[in-house]
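Student: Pasting start-v7.csv here (CSV, C-alpha atoms):
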```
chain,number,residue,atom,x,y,z
A,1,MET,CA,0.1,-19.3,9.1
A,2,ASN,CA,-1.5,-22.7,8.8
A,3,ALA,CA,0.7,-25.1,6.7
A,4,ALA,CA,-2.4,-26.9,5.5
A,5,LYS,CA,-3.9,-23.9,3.9
A,6,ARG,CA,-2.6,-22.6,0.6
A,7,ALA,CA,-2.5,-18.9,0.4
A,8,THR,CA,-1.0,-16.0,-1.4
A,9,ILE,CA,1.3,-14.1,1.0
A,10,VAL,CA,3.1,-10.8,0.5
A,11,VAL,CA,6.3,-10.5,2.6
A,12,LYS,CA,7.7,-7.0,2.8
A,13,VAL,CA,11.4,-6.6,3.9
A,14,GLY,CA,12.6,-3.1,4.9
A,15,SER,CA,16.0,-1.6,4.4
A,16,SER,CA,17.0,-1.7,8.1
A,17,LEU,CA,16.6,-5.5,8.1
A,18,LEU,CA,18.2,-6.2,4.8
A,19,VAL,CA,21.2,-3.8,5.0
A,20,GLY,CA,23.5,-3.6,8.0
A,21,GLU,CA,25.2,-0.5,9.4
A,22,ASP,CA,28.2,-1.2,7.2
A,23,GLY,CA,26.0,-0.8,4.1
A,24,LYS,CA,26.3,-4.4,3.1
A,25,ALA,CA,23.5,-6.9,2.8
A,26,ARG,CA,22.8,-9.0,5.9
A,27,ARG,CA,23.3,-12.2,4.0
A,28,ALA,CA,23.2,-14.6,6.9
A,29,TRP,CA,19.9,-13.3,8.1
A,30,LEU,CA,18.5,-13.2,4.6
A,31,GLU,CA,19.4,-16.9,4.2
A,32,THR,CA,17.1,-17.8,7.2
A,33,LEU,CA,14.3,-15.7,5.7
A,34,VAL,CA,14.6,-17.3,2.3
A,35,ALA,CA,14.6,-20.7,4.1
A,36,ASP,CA,11.3,-19.8,5.6
A,37,ILE,CA,9.9,-18.6,2.3
A,38,ALA,CA,11.0,-21.9,0.6
A,39,LYS,CA,9.2,-23.8,3.3
A,40,ARG,CA,6.0,-21.9,2.7
A,41,HIS,CA,6.4,-22.3,-1.0
A,42,GLN,CA,6.9,-26.0,-0.7
A,43,ALA,CA,3.7,-26.2,1.4
A,44,GLY,CA,1.9,-24.8,-1.6
A,45,ASP,CA,1.6,-21.1,-0.8
A,46,ASN,CA,2.3,-18.4,-3.3
A,47,ILE,CA,4.9,-15.9,-2.1
A,48,ILE,CA,5.5,-12.3,-3.3
A,49,ILE,CA,8.4,-10.4,-1.9
A,50,VAL,CA,8.4,-6.6,-1.6
A,51,SER,CA,12.0,-5.7,-0.9
A,52,SER,CA,13.6,-2.4,0.0
A,53,GLY,CA,17.3,-2.0,0.1
A,54,SER,CA,18.4,-0.8,-3.4
A,55,ILE,CA,19.1,2.8,-2.3
A,56,ALA,CA,21.1,1.7,0.7
A,57,LEU,CA,23.1,-0.9,-1.2
A,58,GLY,CA,23.8,1.6,-4.0
A,59,ALA,CA,24.8,4.3,-1.6
A,60,ARG,CA,27.6,2.2,-0.2
A,61,THR,CA,29.0,1.5,-3.7
A,62,LEU,CA,28.9,5.2,-4.6
A,63,GLY,CA,30.1,6.4,-1.2
A,64,LEU,CA,27.0,8.6,-0.7
A,65,GLU,CA,26.1,10.2,2.6
A,66,LYS,CA,22.9,9.6,4.6
A,67,GLY,CA,22.3,6.2,3.0
A,68,GLY,CA,21.8,7.8,-0.4
A,69,ARG,CA,18.9,9.9,0.7
A,70,ALA,CA,20.6,13.3,1.0
A,71,SER,CA,18.9,14.3,-2.3
A,72,LEU,CA,16.5,12.9,-4.9
A,73,ALA,CA,19.4,12.7,-7.4
A,74,ASP,CA,21.5,10.7,-4.9
A,75,ALA,CA,18.6,8.3,-4.3
A,76,GLN,CA,17.9,7.8,-8.0
A,77,ALA,CA,21.6,7.2,-8.7
A,78,ALA,CA,22.0,4.8,-5.7
A,79,ALA,CA,18.9,2.9,-6.7
A,80,SER,CA,20.0,2.4,-10.3
A,81,ILE,CA,23.1,0.6,-9.0
A,82,GLY,CA,21.7,-1.0,-5.9
A,83,GLN,CA,18.8,-2.6,-7.8
A,84,ILE,CA,21.2,-4.8,-9.7
A,85,ALA,CA,22.8,-6.0,-6.5
A,86,LEU,CA,19.4,-6.5,-4.8
A,87,SER,CA,17.9,-8.5,-7.6
A,88,SER,CA,21.0,-10.6,-8.0
A,89,LEU,CA,21.0,-11.3,-4.2
A,90,TRP,CA,17.4,-12.5,-4.2
A,91,SER,CA,17.8,-14.5,-7.3
A,92,GLU,CA,20.9,-16.3,-5.9
A,93,LEU,CA,19.4,-17.0,-2.5
A,94,LEU,CA,16.0,-18.2,-3.9
A,95,GLY,CA,17.9,-20.3,-6.5
A,96,ASP,CA,19.7,-22.1,-3.7
A,97,HIS,CA,16.2,-23.6,-2.9
A,98,GLN,CA,15.4,-24.2,-6.6
A,99,LEU,CA,13.0,-21.3,-6.6
A,100,THR,CA,12.7,-18.9,-9.5
A,101,ALA,CA,12.9,-15.1,-8.8
A,102,ALA,CA,11.1,-12.6,-11.0
A,103,GLN,CA,11.9,-8.9,-10.8
A,104,MET,CA,9.2,-6.3,-11.0
A,105,LEU,CA,9.9,-2.6,-10.6
A,106,LEU,CA,6.8,-0.5,-10.1
A,107,THR,CA,6.0,3.2,-9.8
A,108,LEU,CA,3.1,5.0,-8.1
A,109,ASP,CA,1.7,5.7,-11.6
A,110,ASP,CA,1.7,2.0,-12.4
A,111,MET,CA,-0.7,1.3,-9.5
A,112,GLU,CA,-2.8,4.5,-9.8
A,113,ASP,CA,-3.5,4.2,-13.5
A,114,ARG,CA,-6.3,1.6,-13.9
A,115,LYS,CA,-5.0,0.0,-17.1
A,116,ARG,CA,-1.4,-0.2,-15.9
A,117,TYR,CA,-2.7,-1.6,-12.6
A,118,LEU,CA,-4.6,-4.4,-14.5
A,119,ASN,CA,-1.4,-5.1,-16.4
A,120,ALA,CA,0.5,-5.5,-13.2
A,121,THR,CA,-2.3,-7.8,-11.9
A,122,ALA,CA,-2.0,-10.0,-15.1
A,123,THR,CA,1.8,-10.2,-14.7
A,124,LEU,CA,1.6,-11.3,-11.1
A,125,GLU,CA,-1.1,-13.8,-11.9
A,126,LYS,CA,1.0,-15.4,-14.6
A,127,LEU,CA,4.1,-15.5,-12.5
A,128,LEU,CA,2.3,-17.1,-9.6
A,129,GLU,CA,0.7,-19.6,-11.9
A,130,HIS,CA,4.1,-20.8,-12.9
A,131,ARG,CA,5.3,-20.8,-9.3
A,132,ALA,CA,7.8,-18.1,-9.6
A,133,ILE,CA,8.4,-15.7,-6.8
A,134,PRO,CA,8.0,-12.0,-7.8
A,135,VAL,CA,10.5,-9.7,-6.1
A,136,ILE,CA,9.1,-6.2,-6.2
A,137,ASN,CA,10.5,-2.8,-5.4
A,138,GLU,CA,9.5,0.8,-6.2
A,139,ASN,CA,11.4,2.0,-9.3
A,140,ASP,CA,13.4,4.6,-7.3
A,141,SER,CA,15.7,5.4,-10.2
A,142,VAL,CA,12.9,7.2,-12.0
A,143,ALA,CA,10.5,8.0,-9.1
A,144,THR,CA,10.2,11.7,-8.1
A,145,ASP,CA,9.3,13.3,-4.8
A,146,GLU,CA,5.9,14.2,-6.2
A,147,ILE,CA,5.1,10.9,-7.8
A,148,ARG,CA,6.2,8.0,-5.6
A,149,PHE,CA,5.0,5.7,-2.9
A,150,GLY,CA,7.9,6.8,-0.7
A,151,ASP,CA,7.8,3.6,1.3
A,152,ASN,CA,7.3,-0.1,0.5
A,153,ASP,CA,4.7,-0.7,3.2
A,154,ARG,CA,1.9,0.9,1.1
A,155,LEU,CA,3.4,-0.6,-2.1
A,156,ALA,CA,3.1,-4.0,-0.4
A,157,ALA,CA,-0.5,-3.4,0.3
A,158,ARG,CA,-1.3,-2.3,-3.2
A,159,VAL,CA,0.6,-5.3,-4.6
A,160,ALA,CA,-1.5,-7.5,-2.3
A,161,GLN,CA,-4.6,-6.0,-3.8
A,162,ALA,CA,-3.4,-6.5,-7.3
A,163,ALA,CA,-2.5,-10.2,-6.6
A,164,ALA,CA,-5.7,-10.9,-4.6
A,165,ALA,CA,-3.5,-12.0,-1.7
A,166,ASP,CA,-4.7,-13.4,1.5
A,167,ARG,CA,-2.3,-11.7,3.8
A,168,VAL,CA,0.6,-9.2,4.1
A,169,LEU,CA,3.5,-9.6,6.5
A,170,LEU,CA,5.4,-6.4,7.2
A,171,LEU,CA,8.8,-7.4,8.6
A,172,SER,CA,9.8,-4.6,10.9
A,173,ASP,CA,12.6,-3.7,13.4
A,174,ILE,CA,9.9,-3.6,16.1
A,175,ASP,CA,7.4,-6.4,16.9
A,176,GLY,CA,4.2,-4.5,16.2
A,177,LEU,CA,2.1,-1.5,17.2
A,178,TYR,CA,2.4,0.3,20.5
A,179,ASP,CA,0.1,3.0,21.7
A,180,ARG,CA,3.2,5.2,22.0
A,181,ARG,CA,6.7,5.0,20.7
A,182,PRO,CA,8.7,2.2,22.4
A,183,GLY,CA,11.6,3.7,24.4
A,184,SER,CA,9.7,6.9,25.3
A,185,GLU,CA,9.6,8.1,28.9
A,186,THR,CA,6.4,6.2,29.4
A,187,SER,CA,6.4,2.6,28.2
A,188,GLY,CA,4.1,1.9,25.4
A,189,GLN,CA,1.3,-0.6,25.6
A,190,PHE,CA,1.6,-3.3,22.9
A,191,ILE,CA,-1.5,-3.8,20.7
A,192,GLY,CA,-1.9,-7.4,19.4
A,193,MET,CA,-5.0,-6.9,17.2
A,194,VAL,CA,-6.7,-4.0,15.4
A,195,GLU,CA,-10.2,-4.3,14.0
A,196,THR,CA,-10.3,-1.0,12.2
A,197,VAL,CA,-7.6,1.6,11.5
A,198,ASP,CA,-9.4,4.7,12.7
A,199,GLU,CA,-8.2,8.1,13.8
A,200,SER,CA,-7.3,6.9,17.3
A,201,ILE,CA,-5.1,4.2,15.9
A,202,MET,CA,-3.4,6.6,13.5
A,203,ALA,CA,-2.6,8.9,16.4
A,204,MET,CA,-0.4,6.2,17.9
A,205,ALA,CA,2.0,6.3,14.9
A,206,ASP,CA,5.4,7.7,14.6
A,207,GLY,CA,6.2,8.6,11.0
A,208,SER,CA,10.0,8.4,11.2
A,209,SER,CA,12.2,5.5,10.2
A,210,SER,CA,14.2,4.5,13.2
A,211,SER,CA,17.2,3.2,11.3
A,212,GLY,CA,17.7,6.2,9.0
A,213,LEU,CA,18.1,3.7,6.1
A,214,GLY,CA,14.4,3.4,5.1
A,215,SER,CA,11.7,5.9,4.2
A,216,GLY,CA,8.8,4.4,6.1
A,217,GLY,CA,7.7,4.4,9.8
A,218,MET,CA,4.6,3.3,11.7
A,219,THR,CA,2.4,5.8,9.9
A,220,SER,CA,3.1,4.1,6.5
A,221,LYS,CA,2.4,0.7,8.0
A,222,LEU,CA,-0.9,1.9,9.3
A,223,GLU,CA,-1.8,3.4,6.0
A,224,ALA,CA,-0.9,0.0,4.4
A,225,ALA,CA,-3.2,-1.7,6.9
A,226,LYS,CA,-6.0,0.6,5.8
A,227,ILE,CA,-5.5,-0.3,2.1
A,228,ALA,CA,-5.3,-4.0,2.9
A,229,ASN,CA,-8.4,-3.9,5.2
A,230,LEU,CA,-10.5,-2.3,2.5
A,231,ALA,CA,-9.5,-5.0,0.0
A,232,GLY,CA,-10.4,-7.8,2.5
A,233,ILE,CA,-6.7,-8.7,3.2
A,234,GLU,CA,-5.2,-9.5,6.6
A,235,LEU,CA,-2.0,-7.6,7.4
A,236,SER,CA,0.4,-8.2,10.2
A,237,ILE,CA,3.4,-6.2,11.5
A,238,ILE,CA,6.0,-8.6,12.9
A,239,SER,CA,9.5,-8.5,14.1
A,240,GLY,CA,12.3,-9.3,11.6
A,241,ARG,CA,15.2,-8.8,14.0
A,242,GLU,CA,15.7,-12.5,14.7
A,243,ASP,CA,16.6,-15.3,12.4
A,244,HIS,CA,13.8,-17.3,10.7
A,245,PRO,CA,11.2,-14.5,11.2
A,246,LEU,CA,8.3,-16.2,9.4
A,247,GLU,CA,8.7,-19.4,11.3
A,248,ARG,CA,9.1,-17.5,14.5
A,249,TYR,CA,5.8,-15.7,13.9
A,250,ALA,CA,4.1,-19.0,13.0
A,251,LEU,CA,5.2,-20.5,16.3
A,252,THR,CA,4.7,-17.5,18.6
A,253,ASN,CA,2.0,-15.4,16.8
A,254,VAL,CA,3.7,-12.3,18.3
A,255,GLY,CA,2.9,-9.3,16.2
A,256,THR,CA,0.1,-6.9,15.5
A,257,LEU,CA,-2.7,-8.3,13.4
A,258,PHE,CA,-4.9,-6.0,11.4
A,259,LYS,CA,-8.1,-7.9,10.6
A,260,ALA,CA,-9.3,-8.1,7.1
A,261,GLY,CA,-12.4,-6.1,6.2
A,262,ASP,CA,-15.4,-7.5,4.3
A,263,GLY,CA,-13.6,-6.7,1.1
A,264,ALA,CA,-14.8,-4.3,-1.6
A,265,ASN,CA,-15.1,-5.4,-5.2
A,266,ALA,CA,-11.9,-5.1,-7.2
A,267,ARG,CA,-12.7,-1.7,-8.7
A,268,LYS,CA,-13.7,-0.2,-5.3
A,269,ALA,CA,-10.7,-1.7,-3.6
A,270,TRP,CA,-8.5,-0.1,-6.3
A,271,LEU,CA,-10.2,3.2,-5.7
A,272,GLY,CA,-9.9,3.0,-1.9
A,273,GLY,CA,-6.2,2.1,-2.1
A,274,ARG,CA,-5.2,5.0,-4.3
A,275,LEU,CA,-2.8,7.6,-2.9
A,276,THR,CA,-3.5,10.4,-5.4
A,277,SER,CA,-6.6,12.2,-6.7
A,278,ALA,CA,-7.4,14.8,-9.3
A,279,GLY,CA,-9.5,17.0,-7.0
A,280,THR,CA,-11.7,17.1,-3.9
A,281,ILE,CA,-15.4,17.7,-3.2
A,282,THR,CA,-16.4,18.9,0.3
A,283,ILE,CA,-20.0,17.9,1.4
A,284,ASP,CA,-22.3,18.8,4.2
A,285,THR,CA,-23.3,16.6,7.1
A,286,GLY,CA,-26.5,15.5,5.5
A,287,ALA,CA,-24.6,14.2,2.5
A,288,VAL,CA,-22.1,12.5,4.7
A,289,ALA,CA,-24.9,10.6,6.4
A,290,ALA,CA,-26.4,9.7,3.0
A,291,LEU,CA,-23.1,8.3,1.7
A,292,GLN,CA,-22.7,6.3,4.8
A,293,SER,CA,-26.1,4.7,4.3
A,294,GLY,CA,-25.2,3.7,0.8
A,295,SER,CA,-26.5,6.6,-1.3
A,296,SER,CA,-24.8,8.3,-4.3
A,297,LEU,CA,-23.4,11.9,-4.0
A,298,LEU,CA,-25.9,14.5,-5.3
A,299,ALA,CA,-25.2,18.1,-6.1
A,300,ALA,CA,-27.4,19.3,-3.3
A,301,GLY,CA,-25.0,18.1,-0.7
A,302,ILE,CA,-21.9,19.8,-2.1
A,303,ILE,CA,-20.3,22.7,-0.2
A,304,SER,CA,-17.2,23.3,-2.4
A,305,ILE,CA,-14.9,21.8,-4.9
A,306,ASN,CA,-11.2,22.0,-5.5
A,307,GLY,CA,-9.0,20.9,-8.4
A,308,GLN,CA,-9.4,20.8,-12.2
A,309,PHE,CA,-10.7,17.3,-12.6
A,310,GLU,CA,-12.4,15.8,-15.6
A,311,ARG,CA,-15.3,13.4,-15.8
A,312,SER,CA,-14.1,9.8,-14.8
A,313,ASP,CA,-11.2,11.2,-12.8
A,314,VAL,CA,-10.7,9.9,-9.2
A,315,ILE,CA,-11.7,12.5,-6.6
A,316,GLU,CA,-11.7,12.6,-2.9
A,317,ILE,CA,-14.9,13.4,-0.9
A,318,LYS,CA,-14.4,15.2,2.3
A,319,ASP,CA,-16.7,16.0,5.3
A,320,PRO,CA,-17.1,19.6,6.6
A,321,SER,CA,-14.0,19.1,8.9
A,322,GLY,CA,-11.8,18.2,5.9
A,323,LEU,CA,-11.6,14.5,6.7
A,324,THR,CA,-11.6,12.3,3.6
A,325,ILE,CA,-14.5,9.9,3.9
A,326,ALA,CA,-14.7,8.5,0.3
A,327,ARG,CA,-13.1,8.2,-3.1
A,328,GLY,CA,-14.9,7.9,-6.4
A,329,LEU,CA,-15.1,8.6,-10.1
A,330,ALA,CA,-16.5,12.0,-11.0
A,331,GLU,CA,-19.5,12.1,-13.3
A,332,TYR,CA,-18.9,15.7,-14.1
A,333,ASP,CA,-15.9,17.8,-14.8
A,334,ALA,CA,-14.9,20.5,-12.3
A,335,LEU,CA,-16.4,23.4,-14.4
A,336,ASP,CA,-19.8,21.8,-14.6
A,337,CYS,CA,-19.6,20.6,-11.0
A,338,ALA,CA,-19.1,24.2,-9.9
A,339,LYS,CA,-22.3,25.3,-11.6
A,340,ILE,CA,-24.5,22.9,-9.6
A,341,ILE,CA,-23.0,23.2,-6.1
A,342,GLY,CA,-25.9,22.9,-3.6
A,343,ARG,CA,-28.6,22.7,-6.3
A,344,ARG,CA,-31.5,20.3,-6.4
A,345,SER,CA,-31.6,17.6,-9.1
A,346,SER,CA,-34.7,19.3,-10.7
A,347,GLU,CA,-32.6,22.5,-11.4
A,348,LEU,CA,-29.6,20.8,-13.1
A,349,GLU,CA,-30.8,20.6,-16.6
A,350,ALA,CA,-31.5,24.3,-16.8
A,351,LEU,CA,-28.1,25.1,-15.3
A,352,LEU,CA,-26.1,22.8,-17.5
A,353,GLY,CA,-28.0,22.9,-20.8
A,354,TYR,CA,-28.1,19.1,-21.1
A,355,THR,CA,-29.8,16.2,-19.4
A,356,PRO,CA,-28.0,15.7,-16.1
A,357,ARG,CA,-26.5,12.5,-14.9
A,358,SER,CA,-28.0,10.7,-11.9
A,359,ALA,CA,-25.3,11.7,-9.5
A,360,VAL,CA,-22.1,13.7,-9.1
A,361,VAL,CA,-20.4,10.5,-7.9
A,362,HIS,CA,-22.5,7.3,-8.2
A,363,ARG,CA,-22.4,4.8,-5.4
A,364,ASN,CA,-21.3,2.0,-7.7
A,365,GLN,CA,-18.2,4.1,-8.5
A,366,MET,CA,-17.4,5.2,-4.9
A,367,VAL,CA,-15.9,3.6,-1.9
A,368,LEU,CA,-15.9,4.8,1.7
A,369,VAL,CA,-12.5,5.0,3.4
```
In structure tokens, what does this structure look like?

Tutor:
Amino acid sequence: MNAAKRATIVVKVGSSLLVGEDGKARRAWLETLVADIAKRHQAGDNIIIVSSGSIALGARTLGLEKGGRASLADAQAAASIGQIALSSLWSELLGDHQLTAAQMLLTLDDMEDRKRYLNATATLEKLLEHRAIPVINENDSVATDEIRFGDNDRLAARVAQAAAADRVLLLSDIDGLYDRRPGSETSGQFIGMVETVDESIMAMADGSSSSGLGSGGMTSKLEAAKIANLAGIELSIISGREDHPLERYALTNVGTLFKAGDGANARKAWLGGRLTSAGTITIDTGAVAALQSGSSLLAAGIISINGQFERSDVIEIKDPSGLTIARGLAEYDALDCAKIIGRRSSELEALLGYTPRSAVVHRNQMVLV
């Protein structure tokens, strides 16, 4: 992190770093992190904090087992209490450096719905304009198993998209990505830089949370890196185990850097970062090649569809093996789409009874993932 360059930085702090084994906040460590944040802020950077910990803090207050994660009801109750403690803690510590904290609680729906996503973007823009520090968490008191991020790594990447951030720093209890789990029978090889998060990189992940307090793992961090990469945002996984983790990273550069991609436009980045869809379309190898060369999806290349999607819904496009290769906005609803599977463009008007649209998913409303 170059002190001469002003940037917008998203810093994600996990439960295992923020909360100790006794269920209490690790205040002394947090004070060093906030000192680092204050230094970056004073240098002119905009800082956004994505903070876990509300469930763990609330679980201690309520005396709940398994860190408050034994059931959804436990997690929701713990979050509703812990969020007060968490926001108060950040407000106090940032206030010690004359910094203003602003709380934002987001749900998956807030980031998946285009209008609500733009509302979040506008709020972040205004807060940063006034040099406040947004402190963001998933609204776990209302999130359900079916409709939630489930981890704050991907939330951090989506927030970075919304804020047009330059980089994301994921503070972890390990210092980056290894090609196999550290501590396994065969020592893992550390990976300092990743150009693209492909299947070989995803295969290195361990989806579990080592502390038992959080909900993420390396899988969620790699998924966050994919979201950031698509939006042209740099992401790093760095160790948060020691004091002053941001300054330590600036001095040592020890961590795994996921390079920023070219950066899709705002709408395509939002599409690519989505975690839910209304349905899927499976296409043949010829259509896969056409999409990869920049073409729109035509009916002739479709093998099958799944889901009850409507026109303008977000759908996933899969190759014959079932791998998602793109996301886009459907130009037809599922019923009409089913009528034209595998058909040539010249046949569509007779099949549909109206003048067909130029594509099932237009290239301007689609992003490769």

Student: Measuring atom to atom with all atoms listed in the file, identify which of A:Ala299, A:Asp110, A:Ile48, A:Leu62 is nearest to Glu347 of chain A.

Tutor: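 Looking only at the distances to Glu347 of chain A, the closest residue turns out to be A:Ala299.
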
Student: I need the residue nearest Asn265 of chain A from this list: A:Val367, A:Gln292, A:Glu92, A:Thr100. Use only C-alpha atoms for the distance.

Tutor: A:Val367

Student: Excluding Gly255 of chain A and its own-chain neighbours fewer than 5 positions away, which residues fall within 7 Å of it when counting only C-alpha atoms? Please give them as a ChimeraX atom specification.

Tutor: /A:175-176,192,236-239

Student: Between A:Leu251, A:Ile233, A:Ala75, A:Ala70, which residue has the minimum interatomic distance to Ala269 of chain A, considering only C-alpha atoms?

Tutor: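 Among the listed residues, the smallest separation from Ala269 of chain A belongs to A:Ile233.
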
Student: Need to verify the contact set: Glu331 of chain A, 12 Å, all atoms listed in the file, exclusion of same-chain residues closer than 6 positions in sequence. Can you return it as a list in words?

Tutor: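 Non-adjacent residues within range: Ser296, Leu297, Leu298, Ala299, Phe309, Glu310, Arg311, Ser312, Asp313, Val314, Ile315, Cys337, Pro356, Arg357, Ser358, Ala359, Val360, Val361, His362, Arg363, Asn364, Gln365 and Met366 of chain A.
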
Student: Point out the residue among A:Gly279, A:Met204, A:Glu31, A:Ser346 with the least atom-to-atom distance to Tyr332 of chain A, counting only C-alpha atoms.

Tutor: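 The answer is A:Gly279, which sits nearest to Tyr332 of chain A.
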
Student: Could you add whatever atoms are missing so that segment 256-267 of chain A carries N, CA and C atoms, then write the result as a CSV table (one decimal), in the frame of the given file?

Tutor:
```
chain,number,residue,atom,x,y,z
A,256,THR,N,1.4,-7.6,15.5
A,256,THR,CA,0.1,-6.9,15.5
A,256,THR,C,-0.7,-7.3,14.3
A,257,LEU,N,-1.9,-7.9,14.5
A,257,LEU,CA,-2.7,-8.3,13.4
A,257,LEU,C,-3.8,-7.3,13.1
A,258,PHE,N,-3.9,-6.8,11.9
A,258,PHE,CA,-4.9,-6.0,11.4
A,258,PHE,C,-5.9,-6.8,10.6
A,259,LYS,N,-7.1,-7.0,11.2
A,259,LYS,CA,-8.1,-7.9,10.6
A,259,LYS,C,-8.5,-7.4,9.2
A,260,ALA,N,-8.8,-8.4,8.4
A,260,ALA,CA,-9.3,-8.1,7.1
A,260,ALA,C,-10.8,-7.6,7.2
A,261,GLY,N,-11.1,-6.6,6.3
A,261,GLY,CA,-12.4,-6.1,6.2
A,261,GLY,C,-13.3,-7.0,5.4
A,262,ASP,N,-14.5,-6.6,5.1
A,262,ASP,CA,-15.4,-7.5,4.3
A,262,ASP,C,-14.9,-7.6,2.9
A,263,GLY,N,-14.2,-6.6,2.4
A,263,GLY,CA,-13.6,-6.7,1.1
A,263,GLY,C,-14.5,-6.1,0.0
A,264,ALA,N,-14.1,-4.9,-0.5
A,264,ALA,CA,-14.8,-4.3,-1.6
A,264,ALA,C,-14.6,-5.0,-2.9
A,265,ASN,N,-15.4,-4.8,-3.9
A,265,ASN,CA,-15.1,-5.4,-5.2
A,265,ASN,C,-13.8,-4.8,-5.7
A,266,ALA,N,-13.3,-5.5,-6.7
A,266,ALA,CA,-11.9,-5.1,-7.2
A,266,ALA,C,-11.8,-3.7,-7.6
A,267,ARG,N,-12.8,-3.1,-8.3
A,267,ARG,CA,-12.7,-1.7,-8.7
A,267,ARG,C,-12.7,-0.8,-7.5
```
